[in-house]
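Below is the file start26.cif, which contains mmCIF, C-alpha atoms and all ligand atoms.
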data_input
#
loop_
_atom_site.label_atom_id
_atom_site.label_comp_id
_atom_site.auth_asym_id
_atom_site.auth_seq_id
_atom_site.Cartn_x
_atom_site.Cartn_y
_atom_site.Cartn_z
CA MET A 1452 99.47 46.06 114.21
CA THR A 1453 96.00 47.00 115.34
CA GLU A 1454 95.11 50.42 116.62
CA THR A 1455 94.39 49.04 120.07
CA THR A 1456 97.94 47.70 120.45
CA ILE A 1457 99.36 51.01 119.36
CA ALA A 1458 97.18 52.80 121.86
CA SER A 1459 98.20 50.56 124.73
CA GLU A 1460 101.86 50.73 123.75
CA ARG A 1461 101.65 54.46 124.06
CA GLY A 1462 99.87 54.10 127.37
CA THR A 1463 96.76 55.91 126.22
CA ASP A 1464 94.16 53.33 127.18
CA THR A 1465 91.66 55.89 128.37
CA GLU A 1466 88.82 56.96 126.07
CA ILE A 1467 89.92 59.77 123.78
CA GLU A 1468 87.98 62.99 123.84
CA THR A 1469 86.23 63.92 120.61
CA THR A 1470 83.60 66.36 119.52
CA LYS A 1471 80.36 65.45 117.75
CA GLY A 1472 81.04 64.21 114.23
CA GLU A 1473 84.65 63.36 114.94
CA SER A 1474 85.77 59.72 114.78
CA THR A 1475 87.37 58.16 117.87
CA GLU A 1476 90.36 56.90 115.93
CA ARG A 1477 93.58 57.02 117.92
CA THR A 1478 96.55 59.09 116.90
CA ARG A 1479 99.67 57.39 115.57
CA GLU A 1480 103.07 58.82 116.22
CA GLU A 1481 104.20 58.35 112.61
CA TRP A 1482 101.55 60.84 111.46
CA THR A 1483 103.40 63.66 113.15
CA ASP A 1484 107.07 62.78 112.74
CA TYR A 1485 107.32 64.76 109.54
CA GLU A 1486 110.74 66.00 108.52
CA SER A 1487 110.99 68.68 105.94
CA ALA A 1488 113.93 69.17 103.62
CA GLY A 1489 114.73 72.54 105.23
CA GLU A 1490 116.89 73.15 108.31
CA THR A 1491 114.98 73.02 111.59
CA VAL A 1492 114.69 76.40 113.30
CA LEU A 1493 112.41 75.49 116.18
CA SER A 1494 112.30 71.99 117.62
CA VAL A 1495 109.44 71.29 120.01
CA SER A 1496 109.61 68.13 122.15
CA ASP A 1497 106.93 66.68 124.41
CA LEU A 1498 105.28 70.00 124.98
CA ASN A 1499 102.45 69.99 127.51
CA VAL A 1500 100.61 73.13 128.52
CA TYR A 1501 98.15 73.41 131.41
CA TYR A 1502 95.90 76.25 132.48
CA GLY A 1503 95.27 75.36 136.11
CA ASP A 1504 93.81 71.84 135.90
CA GLU A 1505 93.01 72.07 132.22
CA HIS A 1506 95.42 70.15 130.01
CA ALA A 1507 95.39 72.35 126.86
CA LEU A 1508 98.25 70.80 124.85
CA LYS A 1509 99.26 67.14 125.04
CA ASP A 1510 102.72 65.80 124.23
CA VAL A 1511 103.26 67.89 121.14
CA SER A 1512 106.51 67.32 119.27
CA MET A 1513 107.28 68.99 115.98
CA ASP A 1514 110.14 70.53 114.06
CA ILE A 1515 109.56 73.80 112.25
CA PRO A 1516 111.73 74.33 109.16
CA GLU A 1517 113.35 77.63 108.23
CA GLN A 1518 112.28 80.02 105.47
CA SER A 1519 108.88 78.50 104.94
CA VAL A 1520 105.29 78.90 106.07
CA THR A 1521 103.97 76.44 108.64
CA ALA A 1522 100.19 76.58 109.10
CA LEU A 1523 98.46 75.49 112.30
CA ILE A 1524 94.83 74.52 111.81
CA GLY A 1525 92.09 72.87 113.87
CA PRO A 1526 88.76 73.59 115.55
CA SER A 1527 88.28 76.30 118.15
CA GLY A 1528 89.78 75.49 121.53
CA CYS A 1529 92.20 72.79 120.30
CA GLY A 1530 95.25 74.75 121.44
CA LYS A 1531 96.57 76.51 118.33
CA SER A 1532 97.10 79.88 120.05
CA THR A 1533 98.49 78.11 123.11
CA PHE A 1534 101.03 76.31 120.92
CA LEU A 1535 101.98 79.49 119.07
CA ARG A 1536 102.45 81.40 122.33
CA SER A 1537 104.68 78.68 123.72
CA LEU A 1538 107.14 79.26 120.87
CA ASN A 1539 108.25 82.64 122.27
CA ARG A 1540 107.11 82.19 125.87
CA MET A 1541 104.13 84.49 125.61
CA ASN A 1542 102.28 81.96 127.82
CA ASP A 1543 104.53 83.20 130.65
CA ARG A 1544 102.25 86.22 130.79
CA ILE A 1545 99.24 84.05 131.66
CA LYS A 1546 99.24 83.38 135.41
CA SER A 1547 97.50 80.00 135.32
CA ALA A 1548 99.62 78.65 132.45
CA ARG A 1549 102.24 75.96 133.10
CA VAL A 1550 104.50 74.68 130.33
CA GLU A 1551 106.41 71.38 130.32
CA GLY A 1552 108.71 70.07 127.63
CA THR A 1553 111.34 71.78 125.54
CA VAL A 1554 111.42 74.24 122.67
CA GLU A 1555 114.84 74.44 121.10
CA PHE A 1556 115.69 77.53 119.14
CA ASP A 1557 119.15 77.84 117.68
CA GLY A 1558 120.28 74.88 119.76
CA GLN A 1559 119.12 76.32 123.11
CA ASP A 1560 116.02 75.48 125.14
CA ILE A 1561 114.06 78.73 125.35
CA TYR A 1562 112.57 77.53 128.65
CA GLN A 1563 115.92 77.18 130.42
CA ASP A 1564 116.47 79.38 133.48
CA GLY A 1565 117.92 82.75 132.72
CA ALA A 1566 116.71 82.92 129.10
CA ASP A 1567 116.58 86.54 127.94
CA LEU A 1568 112.91 87.03 127.07
CA VAL A 1569 113.34 90.47 125.50
CA GLU A 1570 115.97 89.09 123.13
CA LEU A 1571 113.87 85.96 122.50
CA ARG A 1572 110.80 87.97 121.49
CA LYS A 1573 112.93 90.16 119.28
CA ARG A 1574 114.19 87.09 117.40
CA ILE A 1575 110.77 85.41 117.45
CA GLY A 1576 108.24 88.16 116.85
CA MET A 1577 104.46 87.97 116.99
CA VAL A 1578 101.52 89.43 115.11
CA PHE A 1579 98.06 89.14 116.66
CA GLN A 1580 94.53 88.62 115.36
CA SER A 1581 93.35 92.20 115.80
CA PRO A 1582 95.79 94.82 114.60
CA ASN A 1583 97.15 96.57 117.69
CA PRO A 1584 99.30 99.54 116.62
CA PHE A 1585 100.42 101.95 119.33
CA PRO A 1586 98.47 105.24 119.43
CA LYS A 1587 101.52 106.98 117.96
CA SER A 1588 102.57 108.05 114.49
CA ILE A 1589 103.12 105.50 111.72
CA ARG A 1590 106.82 106.28 111.83
CA GLU A 1591 107.06 105.85 115.60
CA ASN A 1592 105.29 102.51 115.42
CA VAL A 1593 108.01 101.18 113.12
CA ALA A 1594 110.89 102.88 114.96
CA TYR A 1595 109.69 101.86 118.43
CA GLY A 1596 111.48 98.49 118.59
CA PRO A 1597 114.83 99.59 117.11
CA ARG A 1598 114.89 102.59 119.51
CA LYS A 1599 113.99 100.41 122.49
CA HIS A 1600 116.65 97.83 121.66
CA GLY A 1601 119.21 100.60 121.17
CA ASP A 1602 119.73 99.81 117.48
CA ILE A 1603 118.89 103.42 116.65
CA ASN A 1604 119.82 106.40 118.87
CA ARG A 1605 117.11 109.07 119.04
CA GLY A 1606 115.82 111.60 121.53
CA LEU A 1607 117.18 114.50 123.52
CA THR A 1608 120.22 112.73 125.02
CA ALA A 1609 121.26 111.40 121.61
CA ARG A 1610 120.90 114.93 120.18
CA LEU A 1611 122.95 116.50 122.97
CA LEU A 1612 125.67 113.91 122.44
CA GLY A 1613 125.56 114.51 118.69
CA ARG A 1614 124.47 110.91 118.10
CA ASP A 1615 120.99 111.46 116.78
CA GLU A 1616 120.51 108.91 114.00
CA LYS A 1617 117.49 110.37 112.25
CA ASP A 1618 118.80 109.49 108.79
CA ALA A 1619 119.41 105.88 109.73
CA GLU A 1620 115.93 105.75 111.19
CA ASP A 1621 114.43 107.26 108.03
CA ARG A 1622 116.09 104.56 105.96
CA LEU A 1623 114.96 101.82 108.32
CA VAL A 1624 111.36 103.06 108.36
CA GLU A 1625 111.24 103.21 104.56
CA ARG A 1626 112.86 99.81 104.04
CA THR A 1627 110.61 98.13 106.59
CA LEU A 1628 107.39 99.68 105.31
CA LYS A 1629 108.34 98.61 101.79
CA GLN A 1630 108.95 95.08 103.05
CA ALA A 1631 105.50 95.09 104.64
CA ALA A 1632 103.96 96.30 101.34
CA LEU A 1633 102.67 99.48 103.01
CA TRP A 1634 105.12 102.20 101.92
CA ASP A 1635 103.21 103.36 98.84
CA GLU A 1636 100.07 103.92 100.88
CA VAL A 1637 101.65 105.83 103.77
CA SER A 1638 104.89 107.47 102.56
CA ASP A 1639 103.31 110.95 102.54
CA ARG A 1640 101.79 110.70 106.01
CA LEU A 1641 104.35 109.03 108.25
CA LYS A 1642 103.62 111.56 111.00
CA ASP A 1643 99.91 110.73 111.09
CA ASN A 1644 98.48 108.65 113.90
CA ALA A 1645 98.54 104.94 113.06
CA LEU A 1646 95.01 104.53 114.40
CA GLY A 1647 93.79 106.50 111.39
CA LEU A 1648 94.78 103.65 109.04
CA SER A 1649 92.34 101.01 107.78
CA GLY A 1650 92.32 97.61 109.52
CA GLY A 1651 94.33 95.98 106.74
CA GLN A 1652 96.87 98.81 106.75
CA GLN A 1653 97.12 98.62 110.54
CA GLN A 1654 97.84 94.90 110.30
CA ARG A 1655 100.61 95.48 107.73
CA LEU A 1656 101.98 98.17 110.06
CA CYS A 1657 102.04 95.63 112.89
CA ILE A 1658 103.95 93.27 110.60
CA ALA A 1659 106.35 96.15 109.82
CA ARG A 1660 106.78 96.81 113.56
CA CYS A 1661 107.70 93.18 114.00
CA LEU A 1662 110.13 93.21 111.02
CA ALA A 1663 111.85 96.41 112.18
CA VAL A 1664 113.81 94.59 114.89
CA ASP A 1665 115.09 92.04 112.38
CA PRO A 1666 113.48 88.84 113.66
CA GLU A 1667 114.21 85.32 112.46
CA VAL A 1668 110.78 83.82 113.12
CA ILE A 1669 107.38 85.52 112.84
CA LEU A 1670 104.42 84.00 114.67
CA MET A 1671 101.01 85.07 113.42
CA ASP A 1672 97.72 84.23 115.15
CA GLU A 1673 94.89 84.49 112.60
CA PRO A 1674 96.42 87.66 111.15
CA ALA A 1675 93.71 88.16 108.54
CA SER A 1676 90.59 86.98 110.31
CA ALA A 1677 89.40 90.52 111.09
CA LEU A 1678 89.99 91.76 107.52
CA ASP A 1679 87.98 91.99 104.31
CA PRO A 1680 88.89 89.77 101.31
CA ILE A 1681 91.12 92.37 99.60
CA ALA A 1682 93.07 93.17 102.75
CA THR A 1683 93.26 89.42 103.44
CA SER A 1684 94.77 88.69 100.07
CA LYS A 1685 97.40 91.40 100.62
CA ILE A 1686 98.37 89.78 103.92
CA GLU A 1687 98.51 86.36 102.26
CA ASP A 1688 100.80 87.65 99.49
CA LEU A 1689 102.96 89.30 102.11
CA ILE A 1690 103.26 86.10 104.16
CA GLU A 1691 104.43 84.19 101.10
CA GLU A 1692 107.03 86.85 100.35
CA LEU A 1693 108.24 86.98 103.94
CA ALA A 1694 108.87 83.23 103.90
CA GLU A 1695 111.69 83.77 101.41
CA GLU A 1696 113.65 85.39 104.20
CA TYR A 1697 111.96 84.48 107.47
CA THR A 1698 110.36 81.47 109.11
CA VAL A 1699 106.62 82.07 109.42
CA VAL A 1700 104.24 80.11 111.65
CA VAL A 1701 100.63 81.07 111.11
CA VAL A 1702 97.40 80.01 112.81
CA THR A 1703 94.37 80.17 110.56
CA HIS A 1704 90.75 79.06 110.64
CA ASN A 1705 90.56 79.39 106.91
CA MET A 1706 91.51 76.11 105.28
CA GLN A 1707 91.73 77.56 101.78
CA GLN A 1708 94.15 80.08 103.19
CA ALA A 1709 96.30 77.36 104.80
CA ALA A 1710 96.25 75.41 101.53
CA ARG A 1711 97.20 78.53 99.52
CA ILE A 1712 100.01 79.96 101.57
CA SER A 1713 101.68 77.23 103.62
CA ASP A 1714 104.40 74.71 102.87
CA GLN A 1715 103.55 72.40 105.74
CA THR A 1716 100.45 72.09 107.88
CA ALA A 1717 99.97 70.87 111.45
CA VAL A 1718 96.46 69.77 112.41
CA PHE A 1719 95.49 70.07 116.08
CA LEU A 1720 92.23 68.46 117.19
CA THR A 1721 90.04 68.15 120.24
CA GLY A 1722 91.93 67.58 123.44
CA GLY A 1723 95.02 69.56 122.46
CA GLU A 1724 96.62 66.82 120.38
CA LEU A 1725 98.75 67.33 117.30
CA VAL A 1726 97.17 64.68 115.10
CA GLU A 1727 98.95 65.08 111.79
CA TYR A 1728 101.82 67.18 110.46
CA ASP A 1729 103.02 66.97 106.88
CA ASP A 1730 103.44 68.78 103.58
CA THR A 1731 100.36 70.95 103.05
CA GLU A 1732 99.45 69.15 99.85
CA LYS A 1733 99.52 65.77 101.58
CA ILE A 1734 97.38 67.01 104.48
CA PHE A 1735 94.71 68.41 102.18
CA GLU A 1736 94.79 65.71 99.51
CA SER A 1737 95.39 62.44 101.35
CA PRO A 1738 95.68 62.76 105.12
CA GLU A 1739 96.54 59.59 107.05
CA SER A 1740 94.14 60.30 109.89
CA GLN A 1741 90.39 59.83 109.53
CA ARG A 1742 89.84 62.59 112.09
CA VAL A 1743 91.89 64.98 109.99
CA GLU A 1744 89.98 64.03 106.87
CA ASP A 1745 86.67 64.56 108.71
CA TYR A 1746 87.84 67.97 109.88
CA ILE A 1747 89.08 69.08 106.47
CA THR A 1748 85.91 67.97 104.73
CA GLY A 1749 83.83 69.89 107.25
CA LYS A 1750 82.23 67.01 109.16
CA PHE A 1751 82.94 68.80 112.45
CA GLY A 1752 84.66 71.90 113.80
N1 LIG B 1801 94.40 82.48 129.17
C1 LIG B 1801 93.80 81.29 129.36
N2 LIG B 1801 93.37 80.93 130.58
C2 LIG B 1801 92.74 79.75 130.77
N3 LIG B 1801 92.49 78.85 129.79
C3 LIG B 1801 92.88 79.16 128.56
C4 LIG B 1801 93.56 80.39 128.27
N4 LIG B 1801 93.83 80.44 126.95
C5 LIG B 1801 93.35 79.28 126.43
N5 LIG B 1801 92.78 78.52 127.39
C6 LIG B 1801 92.15 77.20 127.20
O1 LIG B 1801 93.04 76.33 126.52
C7 LIG B 1801 92.39 75.64 125.47
C8 LIG B 1801 93.07 75.98 124.15
O2 LIG B 1801 92.83 77.36 123.85
P1 LIG B 1801 93.49 78.11 122.63
O3 LIG B 1801 93.15 79.53 122.77
O4 LIG B 1801 94.92 77.76 122.55
O5 LIG B 1801 92.71 77.43 121.41
P2 LIG B 1801 92.66 77.84 119.87
O6 LIG B 1801 92.87 76.57 119.11
O7 LIG B 1801 93.58 78.97 119.61
O8 LIG B 1801 91.14 78.31 119.69
P3 LIG B 1801 90.51 79.42 118.72
O9 LIG B 1801 90.52 78.81 117.36
O10 LIG B 1801 89.14 79.62 119.24
O11 LIG B 1801 91.37 80.66 118.81
C9 LIG B 1801 90.92 76.05 125.53
O12 LIG B 1801 90.20 75.07 126.21
C10 LIG B 1801 90.94 77.35 126.30
O13 LIG B 1801 89.78 77.50 127.04
MG MG B 1802 93.30 80.93 118.98
#

For the file at hand, write its structure as structure tokens.
Ligand SMILES: Nc1ncnc2c1ncn2[C@@H]1O[C@H](COP(=O)(O)OP(=O)(O)OP(=O)(O)O)[C@@H](O)[C@H]1O
Ligand SMILES: [Mg+2]
Amino acid sequence: MTETTIASERGTDTEIETTKGESTERTREEWTDYESAGETVLSVSDLNVYYGDEHALKDVSMDIPEQSVTALIGPSGCGKSTFLRSLNRMNDRIKSARVEGTVEFDGQDIYQDGADLVELRKRIGMVFQSPNPFPKSIRENVAYGPRKHGDINRGLTARLLGRDEKDAEDRLVERTLKQAALWDEVSDRLKDNALGLSGGQQQRLCIARCLAVDPEVILMDEPASALDPIATSKIEDLIEELAEEYTVVVVTHNMQQAARISDQTAVFLTGGELVEYDDTEKIFESPESQRVEDYITGKFG
């Protein structure tokens, strides 16, 4: 079969958008129908996202397997953050954004009417590019979520009712900070303001804040791009460790990083298309798509 027939079969006869240096090769469906050995946690089908008239993500379908690291790579503006945000409905917060398609999590479409967004974002947590701790103590940053969700009773009312769970909170704070590989650096100053920590420490604190509510999936948007190489390598080690227990989806601009830490890699390219999705080794060593190969070898992007 020639590429032209494939293109017309899929009804994509129009010229495809590319950037300078990128080949105009058309995408084939079989390049993205990767199935991993692991159980699927998130199943995305025919996802389209628009910002007003701009079509930012086009017909993206992919299954994300549990307890592994899925990397999302591609040039600036190809829709990686948009895709990540659609996995826990963070795009709902953007007025002009419109999402079509389905994202199944635990057998339910997260976009169905009446979905509980607070619960959803507890189970699918998010860590952003710039560390954004609250201007509160280190301890309060970690305890914030469990207190808000009522997992831990604290405060005046709890004290008056004799239900103050300070000990349980102490244990949770310690366990979570250890999990985020930060405990040794902060155990003697839990009452200090979190904004006094270094950037890399702040980012690990944000990961701890996300872990404290016991999520199943952790979405990370370029979590190390604002950090120096040492802090970056700590975050990378942490991501690999977290994947033993959680499902991690991470956007990165750093291809070495994607190659080092991920199990499978999804490549998004110009026009908001998912072009190839496969085992990380396969993507970096012998991608099917010429456009992906051009991107990985630095011909554009
Ligand atoms: N809040 C928004 N309002 C309007 N358009 C947006 C918004 N966020 C993203 N877009 C547009 O959607 C497209 C995809 O953007 P997105 O931020 O998802 O790309 P990205 O791959 O994460 O890029 P980068 O690598 O630079 O972070 C871009 O054309 C962008 O201009
Ligand atoms: Mg982005």

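The smallest atom-to-atom distance between Pro1584 (chain A) and any of A:Cys1657, A:Ile1747, A:Leu1493, A:Ala1710, using only C-alpha atoms, is found for A:Cys1657.
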
Sort by chain and increasing residue number a table of all residues of chain A within 10 Å of ligand MG 1802 (chain B), each with its closest pair of atoms and their distance in Å to one decimal, counting all atoms listed in the file, and write it as JSON lines.
{"residue": "A:Ile1524", "atom": "CA", "partner": "B:MG1802", "partner_atom": "MG", "distance": 9.7}
{"residue": "A:Gly1525", "atom": "CA", "partner": "B:MG1802", "partner_atom": "MG", "distance": 9.6}
{"residue": "A:Pro1526", "atom": "CA", "partner": "B:MG1802", "partner_atom": "MG", "distance": 9.3}
{"residue": "A:Ser1527", "atom": "CA", "partner": "B:MG1802", "partner_atom": "MG", "distance": 6.9}
{"residue": "A:Gly1528", "atom": "CA", "partner": "B:MG1802", "partner_atom": "MG", "distance": 7.0}
{"residue": "A:Cys1529", "atom": "CA", "partner": "B:MG1802", "partner_atom": "MG", "distance": 8.3}
{"residue": "A:Gly1530", "atom": "CA", "partner": "B:MG1802", "partner_atom": "MG", "distance": 6.9}
{"residue": "A:Lys1531", "atom": "CA", "partner": "B:MG1802", "partner_atom": "MG", "distance": 5.5}
{"residue": "A:Ser1532", "atom": "CA", "partner": "B:MG1802", "partner_atom": "MG", "distance": 4.1}
{"residue": "A:Thr1533", "atom": "CA", "partner": "B:MG1802", "partner_atom": "MG", "distance": 7.2}
{"residue": "A:Phe1534", "atom": "CA", "partner": "B:MG1802", "partner_atom": "MG", "distance": 9.2}
{"residue": "A:Leu1535", "atom": "CA", "partner": "B:MG1802", "partner_atom": "MG", "distance": 8.8}
{"residue": "A:Arg1536", "atom": "CA", "partner": "B:MG1802", "partner_atom": "MG", "distance": 9.8}
{"residue": "A:Phe1579", "atom": "CA", "partner": "B:MG1802", "partner_atom": "MG", "distance": 9.8}
{"residue": "A:Gln1580", "atom": "CA", "partner": "B:MG1802", "partner_atom": "MG", "distance": 8.6}
{"residue": "A:Asp1672", "atom": "CA", "partner": "B:MG1802", "partner_atom": "MG", "distance": 6.7}
{"residue": "A:Glu1673", "atom": "CA", "partner": "B:MG1802", "partner_atom": "MG", "distance": 7.5}
{"residue": "A:Val1702", "atom": "CA", "partner": "B:MG1802", "partner_atom": "MG", "distance": 7.5}
{"residue": "A:Thr1703", "atom": "CA", "partner": "B:MG1802", "partner_atom": "MG", "distance": 8.5}
{"residue": "A:His1704", "atom": "CA", "partner": "B:MG1802", "partner_atom": "MG", "distance": 8.9}

Please enclose the listed atoms of region 1687-1698 of chain A in an axis-aligned box, pad each side by 3 Å, and write out the centre and the three edge lengths in Å, rounded to one decimal, as JSON.
{"center_x": 106.1, "center_y": 85.4, "center_z": 104.3, "size_x": 21.1, "size_y": 13.8, "size_z": 15.6}

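The smallest atom-to-atom distance between ligand LIG 1801 (chain B) and any of A:Ser1581, A:Asn1542, A:Gln1654, A:Ser1638, using all atoms listed in the file, is found for A:Asn1542.
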
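Coordinates place CA of Tyr1595 (chain A) at a distance of 15.3 Å from CA of Ala1609 (chain A).
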
Counting all atoms listed in the file, the residue of A:Tyr1562, A:Ser1519, A:Glu1616, A:Gly1752 that sits nearest Glu1696 (chain A): A:Ser1519

Counting only C-alpha atoms and all ligand atoms, the residue of A:Met1541, A:Ile1690, A:Ile1589, A:Ile1515 that sits nearest ligand LIG 1801 (chain B): A:Met1541

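Checking A:Pro1674, A:Gly1722, A:Pro1680, A:Gly1472 one by one against Asn1583 (chain A), counting only C-alpha atoms, you find the shortest gap at A:Pro1674.
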
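We find CA of Val1593 (chain A) and CA of Gln1559 (chain A) to be spaced 29.0 Å apart.
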
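Residues in contact with Val1637 (chain A) at up to 12 Å, not including ones fewer than 5 positions away on its chain and judged by all atoms listed in the file, are A:Ser1588, A:Ile1589, A:Arg1590, A:Val1624, A:Glu1625, A:Leu1628, A:Lys1629, A:Ala1631, A:Ala1632, A:Lys1642, A:Asp1643, A:Asn1644, A:Ala1645, A:Gly1647, A:Leu1648, A:Ser1649, A:Gln1652, A:Gln1653, A:Arg1655, A:Leu1656.
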
Neighbour list for Ala1675 (chain A) as JSON, numbers by chain, cut-off 7 Å, all atoms listed in the file, skip fewer than 3 positions in-chain: {"A": [1580, 1678, 1683, 1686]}

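Closest approach to Lys1587 (chain A) among A:Leu1646, A:Val1550, A:Glu1505, A:Val1664: A:Leu1646, based on all atoms listed in the file.
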
Separation of CA of Cys1661 (chain A) from CA of Leu1693 (chain A), in Å and rounded to one decimal: 11.8 Å

Test item: residues at most 12 Å from Leu1720 (chain A), all atoms listed in the file, excluding those fewer than 5 positions along its chain, as a ChimeraX atom specification: /A:1467-1470,1473-1478,1507-1509,1511,1523-1531,1725-1728,1740-1747,1751-1752

Long-range neighbours of Ala1619 (chain A) as a ChimeraX atom specification, 12 Å cut-off, all atoms listed in the file, 3 positions minimum in chain: /A:1594,1597-1598,1602-1605,1614-1616,1622-1626
